[in-house]
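Listing of query_34.pdb; format and content: PDB, C-alpha atoms, pLDDT in the B column.
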ATOM      1  CA  MET A 231     -21.577  14.959  -9.365  1.00 88.00           C
ATOM      2  CA  GLN A 232     -25.166  13.831  -9.904  1.00 92.00           C
ATOM      3  CA  SER A 233     -25.374  15.701 -13.210  1.00 94.00           C
ATOM      4  CA  LEU A 234     -22.139  14.106 -14.407  1.00 95.00           C
ATOM      5  CA  ALA A 235     -23.414  10.630 -13.514  1.00 96.00           C
ATOM      6  CA  LEU A 236     -26.662  11.232 -15.413  1.00 96.00           C
ATOM      7  CA  GLU A 237     -24.782  12.548 -18.468  1.00 96.00           C
ATOM      8  CA  ALA A 238     -22.025   9.915 -18.541  1.00 96.00           C
ATOM      9  CA  ALA A 239     -23.735   7.637 -21.060  1.00 96.00           C
ATOM     10  CA  ASN A 240     -24.426  10.554 -23.404  1.00 96.00           C
ATOM     11  CA  ILE A 241     -20.775  11.555 -23.325  1.00 95.00           C
ATOM     12  CA  PHE A 242     -19.660   8.074 -24.427  1.00 95.00           C
ATOM     13  CA  LYS A 243     -22.707   7.334 -26.635  1.00 96.00           C
ATOM     14  CA  TRP A 244     -23.707   4.326 -24.523  1.00 97.00           C
ATOM     15  CA  ASP A 245     -27.233   2.913 -24.469  1.00 96.00           C
ATOM     16  CA  ASP A 246     -27.356   1.883 -20.777  1.00 97.00           C
ATOM     17  CA  PRO A 247     -27.362   5.186 -18.864  1.00 97.00           C
ATOM     18  CA  ILE A 248     -27.544   5.974 -15.195  1.00 98.00           C
ATOM     19  CA  THR A 249     -31.081   7.352 -15.082  1.00 97.00           C
ATOM     20  CA  GLU A 250     -31.388   8.102 -11.368  1.00 97.00           C
ATOM     21  CA  VAL A 251     -29.115   9.145  -8.525  1.00 97.00           C
ATOM     22  CA  ARG A 252     -30.891   8.791  -5.209  1.00 96.00           C
ATOM     23  CA  GLY A 253     -30.143   8.952  -1.521  1.00 95.00           C
ATOM     24  CA  GLU A 254     -31.595   6.269   0.736  1.00 92.00           C
ATOM     25  CA  ALA A 255     -31.110   5.454   4.407  1.00 87.00           C
ATOM     26  CA  ILE A 256     -29.628   2.067   3.604  1.00 81.00           C
ATOM     27  CA  ASN A 257     -28.027  -0.294   6.100  1.00 81.00           C
ATOM     28  CA  ASN A 258     -24.647  -1.985   5.816  1.00 81.00           C
ATOM     29  CA  PHE A 259     -23.317  -0.154   2.765  1.00 85.00           C
ATOM     30  CA  ASP A 260     -22.487   3.390   1.688  1.00 91.00           C
ATOM     31  CA  GLY A 261     -23.233   3.226  -2.018  1.00 94.00           C
ATOM     32  CA  ALA A 262     -24.642   0.933  -4.668  1.00 95.00           C
ATOM     33  CA  LEU A 263     -25.150   0.619  -8.399  1.00 96.00           C
ATOM     34  CA  PHE A 264     -28.050  -1.482  -9.676  1.00 97.00           C
ATOM     35  CA  PRO A 265     -29.248  -2.223 -13.240  1.00 97.00           C
ATOM     36  CA  ASP A 266     -32.857  -2.820 -14.247  1.00 96.00           C
ATOM     37  CA  ASP A 267     -33.922  -6.262 -15.440  1.00 94.00           C
ATOM     38  CA  GLY A 268     -32.719  -5.638 -18.973  1.00 93.00           C
ATOM     39  CA  ARG A 269     -29.491  -3.936 -17.876  1.00 95.00           C
ATOM     40  CA  LYS A 270     -30.479  -0.889 -19.936  1.00 96.00           C
ATOM     41  CA  ARG A 271     -30.773   1.558 -17.044  1.00 97.00           C
ATOM     42  CA  TRP A 272     -28.777   1.995 -13.877  1.00 98.00           C
ATOM     43  CA  LEU A 273     -29.676   3.346 -10.464  1.00 97.00           C
ATOM     44  CA  LEU A 274     -26.910   4.957  -8.394  1.00 98.00           C
ATOM     45  CA  LEU A 275     -27.698   4.902  -4.671  1.00 96.00           C
ATOM     46  CA  TYR A 276     -25.834   6.544  -1.817  1.00 95.00           C
ATOM     47  CA  ASN A 277     -26.493   6.324   1.898  1.00 93.00           C
ATOM     48  CA  SER A 278     -28.320   9.522   2.820  1.00 92.00           C
ATOM     49  CA  ALA A 279     -27.661   8.783   6.500  1.00 89.00           C
ATOM     50  CA  LEU A 280     -23.979   9.606   6.020  1.00 85.00           C
ATOM     51  CA  ARG A 281     -23.245  12.769   7.995  1.00 79.00           C
ATOM     52  CA  SER A 282     -20.236  13.860   5.964  1.00 82.00           C
ATOM     53  CA  LEU A 283     -21.031  15.659   2.713  1.00 88.00           C
ATOM     54  CA  GLY A 284     -17.494  14.905   1.560  1.00 88.00           C
ATOM     55  CA  ARG A 285     -18.062  11.198   2.093  1.00 88.00           C
ATOM     56  CA  ILE A 286     -21.339  11.343   0.145  1.00 92.00           C
ATOM     57  CA  LYS A 287     -19.579  13.111  -2.725  1.00 94.00           C
ATOM     58  CA  PHE A 288     -16.793  10.541  -2.769  1.00 93.00           C
ATOM     59  CA  THR A 289     -19.326   7.700  -2.630  1.00 94.00           C
ATOM     60  CA  GLN A 290     -21.145   9.058  -5.675  1.00 96.00           C
ATOM     61  CA  ALA A 291     -17.861   9.401  -7.572  1.00 96.00           C
ATOM     62  CA  HIS A 292     -16.821   5.889  -6.498  1.00 95.00           C
ATOM     63  CA  GLU A 293     -20.055   4.375  -7.857  1.00 97.00           C
ATOM     64  CA  LEU A 294     -19.684   6.388 -11.059  1.00 97.00           C
ATOM     65  CA  GLY A 295     -16.236   4.816 -11.365  1.00 97.00           C
ATOM     66  CA  HIS A 296     -17.802   1.366 -11.143  1.00 96.00           C
ATOM     67  CA  TYR A 297     -20.289   2.324 -13.851  1.00 97.00           C
ATOM     68  CA  LEU A 298     -17.602   3.578 -16.221  1.00 97.00           C
ATOM     69  CA  LEU A 299     -15.014   0.890 -15.523  1.00 96.00           C
ATOM     70  CA  HIS A 300     -16.650  -2.257 -14.222  1.00 95.00           C
ATOM     71  CA  ARG A 301     -20.342  -2.533 -15.074  1.00 95.00           C
ATOM     72  CA  GLN A 302     -19.644  -5.394 -17.518  1.00 93.00           C
ATOM     73  CA  GLU A 303     -17.818  -7.366 -14.823  1.00 91.00           C
ATOM     74  CA  ARG A 304     -20.514  -7.678 -12.133  1.00 91.00           C
ATOM     75  CA  GLU A 305     -24.286  -7.875 -11.907  1.00 91.00           C
ATOM     76  CA  CYS A 306     -24.411  -4.996  -9.416  1.00 93.00           C
ATOM     77  CA  PHE A 307     -22.280  -3.181  -6.849  1.00 94.00           C
ATOM     78  CA  GLN A 308     -22.864  -2.751  -3.124  1.00 91.00           C
ATOM     79  CA  CYS A 309     -19.984  -0.928  -1.454  1.00 90.00           C
ATOM     80  CA  THR A 310     -19.354  -0.661   2.265  1.00 83.00           C
ATOM     81  CA  ASP A 311     -17.288   1.874   4.167  1.00 74.00           C
ATOM     82  CA  GLU A 312     -14.422  -0.644   3.897  1.00 70.00           C
ATOM     83  CA  ASP A 313     -14.479  -0.117   0.127  1.00 64.00           C
ATOM     84  CA  MET A 314     -14.645   3.681   0.277  1.00 63.00           C
ATOM     85  CA  VAL A 315     -11.125   5.054   0.453  1.00 63.00           C
ATOM     86  CA  ASP A 316      -9.730   1.736   1.700  1.00 61.00           C
ATOM     87  CA  LEU A 317      -6.099   2.070   2.726  1.00 56.00           C
ATOM     88  CA  ASP A 318      -5.078  -1.544   2.178  1.00 57.00           C
ATOM     89  CA  LEU A 319      -6.624  -2.647  -1.104  1.00 54.00           C
ATOM     90  CA  ASP A 320      -4.379  -3.935  -3.881  1.00 56.00           C
ATOM     91  CA  GLU A 321      -4.147  -1.663  -6.940  1.00 50.00           C
ATOM     92  CA  ARG A 322      -5.641  -4.367  -9.130  1.00 60.00           C
ATOM     93  CA  ASP A 323      -8.792  -4.643  -7.022  1.00 87.00           C
ATOM     94  CA  ILE A 324     -11.799  -3.018  -8.645  1.00 91.00           C
ATOM     95  CA  GLU A 325     -12.674  -1.200  -5.429  1.00 90.00           C
ATOM     96  CA  ALA A 326      -9.236   0.383  -5.430  1.00 88.00           C
ATOM     97  CA  GLU A 327      -9.741   1.312  -9.083  1.00 92.00           C
ATOM     98  CA  ALA A 328     -13.059   2.991  -8.236  1.00 94.00           C
ATOM     99  CA  ASP A 329     -11.354   4.829  -5.366  1.00 91.00           C
ATOM    100  CA  TYR A 330      -8.594   5.989  -7.681  1.00 91.00           C
ATOM    101  CA  PHE A 331     -11.124   7.184 -10.243  1.00 95.00           C
ATOM    102  CA  ALA A 332     -13.008   9.149  -7.572  1.00 95.00           C
ATOM    103  CA  SER A 333      -9.801  10.691  -6.222  1.00 95.00           C
ATOM    104  CA  THR A 334      -8.644  11.709  -9.696  1.00 95.00           C
ATOM    105  CA  LEU A 335     -12.032  13.166 -10.606  1.00 97.00           C
ATOM    106  CA  LEU A 336     -12.523  15.126  -7.384  1.00 97.00           C
ATOM    107  CA  MET A 337      -8.914  16.134  -6.660  1.00 97.00           C
ATOM    108  CA  PRO A 338      -6.986  16.873  -9.889  1.00 96.00           C
ATOM    109  CA  LEU A 339      -3.364  16.070  -9.167  1.00 96.00           C
ATOM    110  CA  ASP A 340      -1.761  19.148 -10.755  1.00 96.00           C
ATOM    111  CA  ASP A 341      -3.992  21.474  -8.765  1.00 97.00           C
ATOM    112  CA  PHE A 342      -3.567  19.406  -5.601  1.00 97.00           C
ATOM    113  CA  ARG A 343       0.221  19.596  -5.895  1.00 96.00           C
ATOM    114  CA  ALA A 344       0.022  23.349  -6.462  1.00 96.00           C
ATOM    115  CA  GLN A 345      -2.087  23.811  -3.342  1.00 96.00           C
ATOM    116  CA  MET A 346       0.199  21.664  -1.172  1.00 95.00           C
ATOM    117  CA  GLY A 347       3.565  22.863  -2.424  1.00 93.00           C
ATOM    118  CA  THR A 348       6.257  21.060  -0.472  1.00 92.00           C
ATOM    119  CA  GLU A 349       4.335  21.034   2.799  1.00 87.00           C
ATOM    120  CA  ALA A 350       3.653  17.944   4.871  1.00 94.00           C
ATOM    121  CA  SER A 351       0.980  19.168   7.258  1.00 92.00           C
ATOM    122  CA  LEU A 352      -2.548  18.297   8.244  1.00 94.00           C
ATOM    123  CA  ASP A 353      -3.521  21.963   7.996  1.00 94.00           C
ATOM    124  CA  ALA A 354      -2.529  22.102   4.322  1.00 95.00           C
ATOM    125  CA  ILE A 355      -4.208  18.782   3.552  1.00 96.00           C
ATOM    126  CA  SER A 356      -7.341  19.896   5.402  1.00 94.00           C
ATOM    127  CA  GLY A 357      -7.352  23.016   3.220  1.00 95.00           C
ATOM    128  CA  CYS A 358      -7.325  20.794   0.145  1.00 96.00           C
ATOM    129  CA  ALA A 359     -10.200  18.723   1.565  1.00 95.00           C
ATOM    130  CA  ASP A 360     -12.230  21.928   1.941  1.00 95.00           C
ATOM    131  CA  ARG A 361     -11.263  23.099  -1.544  1.00 96.00           C
ATOM    132  CA  TYR A 362     -12.480  19.912  -3.234  1.00 96.00           C
ATOM    133  CA  GLY A 363     -15.380  19.170  -0.895  1.00 93.00           C
ATOM    134  CA  VAL A 364     -14.051  15.770   0.196  1.00 92.00           C
ATOM    135  CA  SER A 365     -13.231  14.171   3.519  1.00 89.00           C
ATOM    136  CA  LEU A 366      -9.887  14.655   5.222  1.00 91.00           C
ATOM    137  CA  THR A 367      -9.208  10.935   4.817  1.00 89.00           C
ATOM    138  CA  ALA A 368      -9.694  11.131   1.049  1.00 91.00           C
ATOM    139  CA  ALA A 369      -7.399  14.169   0.810  1.00 95.00           C
ATOM    140  CA  LEU A 370      -4.767  12.483   2.985  1.00 94.00           C
ATOM    141  CA  LEU A 371      -4.722   9.435   0.737  1.00 92.00           C
ATOM    142  CA  ARG A 372      -4.454  11.612  -2.351  1.00 95.00           C
ATOM    143  CA  TRP A 373      -1.417  13.319  -0.830  1.00 97.00           C
ATOM    144  CA  ILE A 374       0.249  10.190   0.529  1.00 95.00           C
ATOM    145  CA  GLY A 375      -0.099   8.544  -2.895  1.00 93.00           C
ATOM    146  CA  TYR A 376       2.276  10.974  -4.589  1.00 95.00           C
ATOM    147  CA  THR A 377       4.387  12.700  -1.934  1.00 97.00           C
ATOM    148  CA  ASP A 378       8.118  12.104  -1.701  1.00 96.00           C
ATOM    149  CA  HIS A 379       7.989  12.679   2.064  1.00 98.00           C
ATOM    150  CA  SER A 380       8.524   9.635   4.243  1.00 98.00           C
ATOM    151  CA  ALA A 381       5.070   9.698   5.805  1.00 98.00           C
ATOM    152  CA  VAL A 382       2.498   7.312   7.249  1.00 97.00           C
ATOM    153  CA  VAL A 383      -1.237   7.844   7.800  1.00 96.00           C
ATOM    154  CA  VAL A 384      -2.591   5.911  10.783  1.00 95.00           C
ATOM    155  CA  ILE A 385      -6.292   5.543  11.574  1.00 92.00           C
ATOM    156  CA  HIS A 386      -6.806   4.323  15.117  1.00 94.00           C
ATOM    157  CA  ARG A 387      -9.464   3.711  17.728  1.00 92.00           C
ATOM    158  CA  ASP A 388      -9.330   2.773  21.412  1.00 93.00           C
ATOM    159  CA  GLY A 389      -5.574   2.385  21.367  1.00 94.00           C
ATOM    160  CA  TYR A 390      -5.324   0.148  18.308  1.00 94.00           C
ATOM    161  CA  VAL A 391      -4.429   0.716  14.666  1.00 93.00           C
ATOM    162  CA  LEU A 392      -7.418   0.148  12.385  1.00 89.00           C
ATOM    163  CA  LYS A 393      -5.750   0.965   9.072  1.00 88.00           C
ATOM    164  CA  SER A 394      -2.614   2.619   7.826  1.00 91.00           C
ATOM    165  CA  LYS A 395      -1.050   3.767   4.589  1.00 93.00           C
ATOM    166  CA  ALA A 396       2.602   4.600   3.964  1.00 96.00           C
ATOM    167  CA  SER A 397       4.019   6.766   1.207  1.00 97.00           C
ATOM    168  CA  GLN A 398       6.300   4.994  -1.245  1.00 96.00           C
ATOM    169  CA  SER A 399       9.333   6.511   0.423  1.00 97.00           C
ATOM    170  CA  ALA A 400       8.222   5.346   3.871  1.00 97.00           C
ATOM    171  CA  PHE A 401       7.297   1.896   2.624  1.00 96.00           C
ATOM    172  CA  ARG A 402      10.679   1.403   0.966  1.00 97.00           C
ATOM    173  CA  SER A 403      12.375   2.369   4.221  1.00 97.00           C
ATOM    174  CA  GLY A 404      10.345  -0.130   6.282  1.00 97.00           C
ATOM    175  CA  ALA A 405       8.135   2.495   7.959  1.00 97.00           C
ATOM    176  CA  PHE A 406       4.700   0.897   7.639  1.00 95.00           C
ATOM    177  CA  PHE A 407       2.222  -1.146   9.672  1.00 92.00           C
ATOM    178  CA  PRO A 408       0.867  -4.453   8.307  1.00 84.00           C
ATOM    179  CA  SER A 409      -2.338  -3.881  10.255  1.00 64.00           C
ATOM    180  CA  ARG A 410      -4.378  -6.400   8.261  1.00 67.00           C
ATOM    181  CA  ARG A 411      -2.135  -9.218   9.368  1.00 65.00           C
ATOM    182  CA  ARG A 412      -2.089  -8.613  13.126  1.00 79.00           C
ATOM    183  CA  VAL A 413      -3.416  -6.435  15.897  1.00 87.00           C
ATOM    184  CA  ILE A 414      -1.151  -3.428  16.437  1.00 92.00           C
ATOM    185  CA  ALA A 415      -1.384  -1.301  19.571  1.00 94.00           C
ATOM    186  CA  VAL A 416      -0.759   2.436  19.434  1.00 96.00           C
ATOM    187  CA  PRO A 417       2.349   3.206  21.525  1.00 96.00           C
ATOM    188  CA  GLY A 418       1.579   4.618  24.959  1.00 93.00           C
ATOM    189  CA  ALA A 419       3.741   7.740  25.042  1.00 94.00           C
ATOM    190  CA  VAL A 420       2.765   9.355  21.723  1.00 97.00           C
ATOM    191  CA  LEU A 421       0.321  12.068  20.681  1.00 97.00           C
ATOM    192  CA  ALA A 422      -2.015   9.475  19.155  1.00 97.00           C
ATOM    193  CA  SER A 423      -2.633   7.851  22.544  1.00 96.00           C
ATOM    194  CA  SER A 424      -3.157  11.125  24.415  1.00 95.00           C
ATOM    195  CA  ASP A 425      -6.472  12.816  25.234  1.00 93.00           C
ATOM    196  CA  VAL A 426      -5.595  15.684  22.887  1.00 94.00           C
ATOM    197  CA  PRO A 427      -8.316  15.610  20.193  1.00 93.00           C
ATOM    198  CA  LYS A 428      -6.467  17.732  17.653  1.00 95.00           C
ATOM    199  CA  ASN A 429      -2.956  18.952  16.975  1.00 96.00           C
ATOM    200  CA  THR A 430      -2.349  19.831  13.340  1.00 94.00           C
ATOM    201  CA  ALA A 431       0.849  21.775  13.970  1.00 92.00           C
ATOM    202  CA  GLY A 432       2.565  18.596  15.099  1.00 96.00           C
ATOM    203  CA  VAL A 433       4.867  17.549  17.923  1.00 97.00           C
ATOM    204  CA  GLU A 434       8.307  16.001  17.839  1.00 97.00           C
ATOM    205  CA  THR A 435       8.118  12.359  18.900  1.00 97.00           C
ATOM    206  CA  ASP A 436      10.850   9.809  19.481  1.00 98.00           C
ATOM    207  CA  ALA A 437      10.603   7.772  16.288  1.00 98.00           C
ATOM    208  CA  LYS A 438      11.549   4.600  18.160  1.00 97.00           C
ATOM    209  CA  LEU A 439       8.191   4.653  19.910  1.00 98.00           C
ATOM    210  CA  TRP A 440       6.490   4.019  16.575  1.00 98.00           C
ATOM    211  CA  PHE A 441       9.307   2.268  14.707  1.00 97.00           C
ATOM    212  CA  PRO A 442      11.632   0.455  17.134  1.00 96.00           C
ATOM    213  CA  TYR A 443      14.430  -0.210  14.624  1.00 96.00           C
ATOM    214  CA  VAL A 444      15.193   3.379  13.607  1.00 97.00           C
ATOM    215  CA  ALA A 445      18.473   4.859  14.759  1.00 96.00           C
ATOM    216  CA  SER A 446      18.548   6.163  18.319  1.00 96.00           C
ATOM    217  CA  GLY A 447      17.969   9.897  18.554  1.00 96.00           C
ATOM    218  CA  THR A 448      15.695  10.013  15.492  1.00 98.00           C
ATOM    219  CA  SER A 449      12.524  12.023  15.912  1.00 97.00           C
ATOM    220  CA  LEU A 450       9.436  12.271  13.710  1.00 98.00           C
ATOM    221  CA  ARG A 451       6.698  14.875  13.472  1.00 98.00           C
ATOM    222  CA  GLU A 452       3.352  13.581  14.638  1.00 98.00           C
ATOM    223  CA  MET A 453       0.008  15.269  13.923  1.00 98.00           C
ATOM    224  CA  LYS A 454      -3.478  14.207  14.970  1.00 97.00           C
ATOM    225  CA  VAL A 455      -7.124  14.990  14.325  1.00 95.00           C
ATOM    226  CA  THR A 456     -10.212  13.268  15.691  1.00 93.00           C
ATOM    227  CA  ALA A 457     -12.974  12.647  13.153  1.00 81.00           C
ATOM    228  CA  ASP A 458     -16.023  14.776  13.922  1.00 65.00           C
ATOM    229  CA  HIS A 459     -18.669  12.237  12.967  1.00 63.00           C
ATOM    230  CA  TYR A 460     -16.890   8.943  13.602  1.00 62.00           C
ATOM    231  CA  ASP A 461     -15.289   7.257  16.580  1.00 81.00           C
ATOM    232  CA  PHE A 462     -11.722   7.201  15.283  1.00 90.00           C
ATOM    233  CA  ALA A 463      -8.724   9.475  15.055  1.00 95.00           C
ATOM    234  CA  ILE A 464      -6.250  10.076  12.247  1.00 95.00           C
ATOM    235  CA  SER A 465      -2.540  10.562  12.864  1.00 97.00           C
ATOM    236  CA  LEU A 466       0.063  11.644  10.342  1.00 98.00           C
ATOM    237  CA  LEU A 467       3.671  10.623  10.995  1.00 98.00           C
ATOM    238  CA  VAL A 468       6.420  12.350   9.008  1.00 98.00           C
ATOM    239  CA  LEU A 469       9.919  10.909   9.325  1.00 98.00           C
ATOM    240  CA  PRO A 470      13.189  12.537   8.268  1.00 97.00           C
ATOM    241  CA  ARG A 471      14.082  11.703   4.680  1.00 94.00           C
ATOM    242  CA  GLY A 472      16.330   8.686   4.390  1.00 93.00           C
ATOM    243  CA  THR A 473      15.338   7.177   7.742  1.00 96.00           C
ATOM    244  CA  SER A 474      15.491   3.387   7.781  1.00 96.00           C
ATOM    245  CA  ALA A 475      12.980   1.498   9.903  1.00 96.00           C
ATOM    246  CA  TRP A 476      13.977  -2.010   8.812  1.00 96.00           C
ATOM    247  CA  LYS A 477      14.976  -4.528  11.453  1.00 88.00           C
ATOM    248  CA  PRO A 478      18.763  -5.060  11.252  1.00 86.00           C
ATOM    249  CA  ARG A 479      19.828  -8.395   9.837  1.00 82.00           C
ATOM    250  CA  CYS A 480      21.644 -10.656  12.251  1.00 66.00           C
TER
END

What is this file in structure tokens?
Amino acid sequence: MQSLALEAANIFKWDDPITEVRGEAINNFDGALFPDDGRKRWLLLYNSALRSLGRIKFTQAHELGHYLLHRQERECFQCTDEDMVDLDLDERDIEAEADYFASTLLMPLDDFRAQMGTEASLDAISGCADRYGVSLTAALLRWIGYTDHSAVVVIHRDGYVLKSKASQSAFRSGAFFPSRRRVIAVPGAVLASSDVPKNTAGVETDAKLWFPYVASGTSLREMKVTADHYDFAISLLVLPRGTSAWKPRC
């Protein structure tokens, strides 16, 4: 990744190259892109204190995306962990564009699809994360962005939803959590709220516990993994195809 960043300007015959890629123990942000005074050279920084090599790799690719796509739009870029693989950003936001660039560069879609097949499992997605050298979160978002499964990724801590992302199929059916708009508690009787740190095989869960307006008797498959280096857990919810979670109209 560092070699690609240093060669990017040569590839496009630009005269303002990235001339250094450097790790620093920097506070409050994961990556940055700074020009010199004449905006003829760029420095790409990443937080060397990050404990996940996959996160460092994604950060470097994210900042390279800013260089290629956005360097004429801002003086510099300082990106926090909220910007790296953010689940809620609008597609038109430049941070989301940098995320998409990094995902496309690091996880080619054709190969990703071939590795996953028709599976909807954390084990398969974790295998893809290992294959591409990225974090599980990044691989999950790559999968949820194209899958036709009705699935929702939920990141949670201390009994509350921090972020979530629904596949297009799930979103159209009403199975999503608007976690930016209000505080959402994780239901009490589900795998996510248990002391089990990891279950990638999945358990059958009453779908009403997560989505109260689904038809009675509907179950979903719930998987969970606790992040090794961070104080949050990731759950993957897979609903039966065609399930509606919309509140009935009166």

So that I can check the surroundings of A:Trp440, please list as a list of chain:residue names every protein, DNA and RNA residue that reaches within 9 Å of it, counting only C-alpha atoms and ignoring chain neighbours fewer than 3 positions away. A:Ala405, A:Val416, A:Pro417, A:Val420, A:Thr435, A:Asp436, A:Ala437

Mind checking which residues fall within 10 Å of stretch 246-263 of chain A, counting only C-alpha atoms, ignoring those fewer than 4 positions away in the same chain, and posting them as a compact mmCIF listing (two decimals) with C-alpha atoms, in the frame of the given file?
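Contents of the output file around.txt:
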# COMPACT_ATOMS: atom_id res chain seq x y z
CA MET A 231 -21.58 14.96 -9.36
CA GLN A 232 -25.17 13.83 -9.90
CA SER A 233 -25.37 15.70 -13.21
CA LEU A 234 -22.14 14.11 -14.41
CA ALA A 235 -23.41 10.63 -13.51
CA LEU A 236 -26.66 11.23 -15.41
CA GLU A 237 -24.78 12.55 -18.47
CA ALA A 238 -22.02 9.91 -18.54
CA ALA A 239 -23.74 7.64 -21.06
CA ASN A 240 -24.43 10.55 -23.40
CA PHE A 242 -19.66 8.07 -24.43
CA GLY A 268 -32.72 -5.64 -18.97
CA ARG A 269 -29.49 -3.94 -17.88
CA LYS A 270 -30.48 -0.89 -19.94
CA ARG A 271 -30.77 1.56 -17.04
CA TRP A 272 -28.78 2.00 -13.88
CA LEU A 273 -29.68 3.35 -10.46
CA LEU A 274 -26.91 4.96 -8.39
CA LEU A 275 -27.70 4.90 -4.67
CA TYR A 276 -25.83 6.54 -1.82
CA ASN A 277 -26.49 6.32 1.90
CA SER A 278 -28.32 9.52 2.82
CA ALA A 279 -27.66 8.78 6.50
CA LEU A 280 -23.98 9.61 6.02
CA ARG A 285 -18.06 11.20 2.09
CA ILE A 286 -21.34 11.34 0.14
CA PHE A 288 -16.79 10.54 -2.77
CA THR A 289 -19.33 7.70 -2.63
CA GLN A 290 -21.14 9.06 -5.68
CA ALA A 291 -17.86 9.40 -7.57
CA HIS A 292 -16.82 5.89 -6.50
CA GLU A 293 -20.06 4.38 -7.86
CA LEU A 294 -19.68 6.39 -11.06
CA HIS A 296 -17.80 1.37 -11.14
CA TYR A 297 -20.29 2.32 -13.85
CA ARG A 301 -20.34 -2.53 -15.07
CA GLU A 305 -24.29 -7.88 -11.91
CA CYS A 306 -24.41 -5.00 -9.42
CA PHE A 307 -22.28 -3.18 -6.85
CA GLN A 308 -22.86 -2.75 -3.12
CA CYS A 309 -19.98 -0.93 -1.45
CA THR A 310 -19.35 -0.66 2.26
CA ASP A 311 -17.29 1.87 4.17
CA GLU A 312 -14.42 -0.64 3.90
CA ASP A 313 -14.48 -0.12 0.13
CA MET A 314 -14.64 3.68 0.28

Which polymer residues have any atom within 9 Å of an atom of stretch 362-376 of chain A, counting only C-alpha atoms, with same-chain residues fewer than 2 positions away left out, as a ChimeraX atom specification? /A:282-288,314-315,317,330,333-334,336-337,339,342-343,346,350,352,355-360,378-379,381-383,395-398,457,464,466

Smallest atom-to-atom distance to A:Arg361: which of A:Pro408, A:Pro478, A:Pro338, A:Gly347, using only C-alpha atoms? A:Pro338

Find the residues near A:Arg387: any atom within 8 Å, counting only C-alpha atoms, skip ones fewer than 3 places away on the same chain, and give them as a PyMOL selection string. chain A and resi 390-392+461-463

I'd like the neighbourhood of A:Thr473 as a list of chain:residue names, where a residue qualifies if any of its atoms comes within 8 Å (using all atoms listed in the file), though same-chain residues fewer than 4 positions away should be ignored.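 Contacts, in chain order: A:Ser403, A:Val444, A:Leu469.
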
Kindly save the residues from that selection, with C-alpha atoms included, as an mmCIF file, in the frame of the given file.
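Generated output (part16.cif):
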data_model
loop_
_atom_site.group_PDB
_atom_site.id
_atom_site.type_symbol
_atom_site.label_atom_id
_atom_site.label_comp_id
_atom_site.auth_asym_id
_atom_site.auth_seq_id
_atom_site.Cartn_x
_atom_site.Cartn_y
_atom_site.Cartn_z
ATOM 1 C CA SER A 403 12.375 2.369 4.221
ATOM 2 C CA VAL A 444 15.193 3.379 13.607
ATOM 3 C CA LEU A 469 9.919 10.909 9.325
#

Quote the spacing between atom CA of A:Ala328 and atom CA of A:Asp340 in Å to one decimal place. 19.9 Å

Please, what distance in Å, to one decimal, runs between atom CA of A:Ser423 and atom CA of A:Ser446? 21.7 Å

For atom CA of A:Gly447 and atom CA of A:Val433, quote the distance in Å rounded to one decimal.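 Separation between atom CA of A:Gly447 and atom CA of A:Val433: 15.2 Å.
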
Using only C-alpha atoms, collect all residues at a distance of at most 10 Å from (12.8, 1.9, 4.4) as written in the file, then present them as a ChimeraX atom specification. /A:380,398-406,444,471-477

Apply the PyMOL selection byres ((chain A and resi 425-431) around 7) to the structure shown and report the selected residues as a ChimeraX atom specification. /A:351-353,423-424,432,453-456

Final N, CA, C and O atoms of stretch 301-307 of chain A as a JSON list (two decimals), keeping the file's coordinate frame:
[["chain", "number", "residue", "atom", "x", "y", "z"],
["A", 301, "ARG", "N", -18.96, -2.07, -15.06],
["A", 301, "ARG", "CA", -20.34, -2.53, -15.07],
["A", 301, "ARG", "C", -20.52, -3.81, -15.89],
["A", 301, "ARG", "O", -21.54, -4.51, -15.74],
["A", 302, "GLN", "N", -19.57, -4.15, -16.76],
["A", 302, "GLN", "CA", -19.64, -5.39, -17.52],
["A", 302, "GLN", "C", -19.09, -6.58, -16.73],
["A", 302, "GLN", "O", -19.22, -7.73, -17.17],
["A", 303, "GLU", "N", -18.49, -6.31, -15.58],
["A", 303, "GLU", "CA", -17.82, -7.37, -14.82],
["A", 303, "GLU", "C", -18.67, -7.96, -13.71],
["A", 303, "GLU", "O", -18.42, -9.07, -13.26],
["A", 304, "ARG", "N", -19.68, -7.20, -13.23],
["A", 304, "ARG", "CA", -20.51, -7.68, -12.13],
["A", 304, "ARG", "C", -21.97, -7.36, -12.42],
["A", 304, "ARG", "O", -22.29, -6.44, -13.17],
["A", 305, "GLU", "N", -22.85, -8.12, -11.76],
["A", 305, "GLU", "CA", -24.29, -7.88, -11.91],
["A", 305, "GLU", "C", -24.68, -6.54, -11.28],
["A", 305, "GLU", "O", -25.50, -5.80, -11.81],
["A", 306, "CYS", "N", -24.11, -6.24, -10.11],
["A", 306, "CYS", "CA", -24.41, -5.00, -9.42],
["A", 306, "CYS", "C", -23.27, -4.73, -8.44],
["A", 306, "CYS", "O", -22.36, -5.54, -8.29],
["A", 307, "PHE", "N", -23.34, -3.58, -7.77],
["A", 307, "PHE", "CA", -22.28, -3.18, -6.85],
["A", 307, "PHE", "C", -22.92, -2.68, -5.55],
["A", 307, "PHE", "O", -23.81, -1.84, -5.58]]
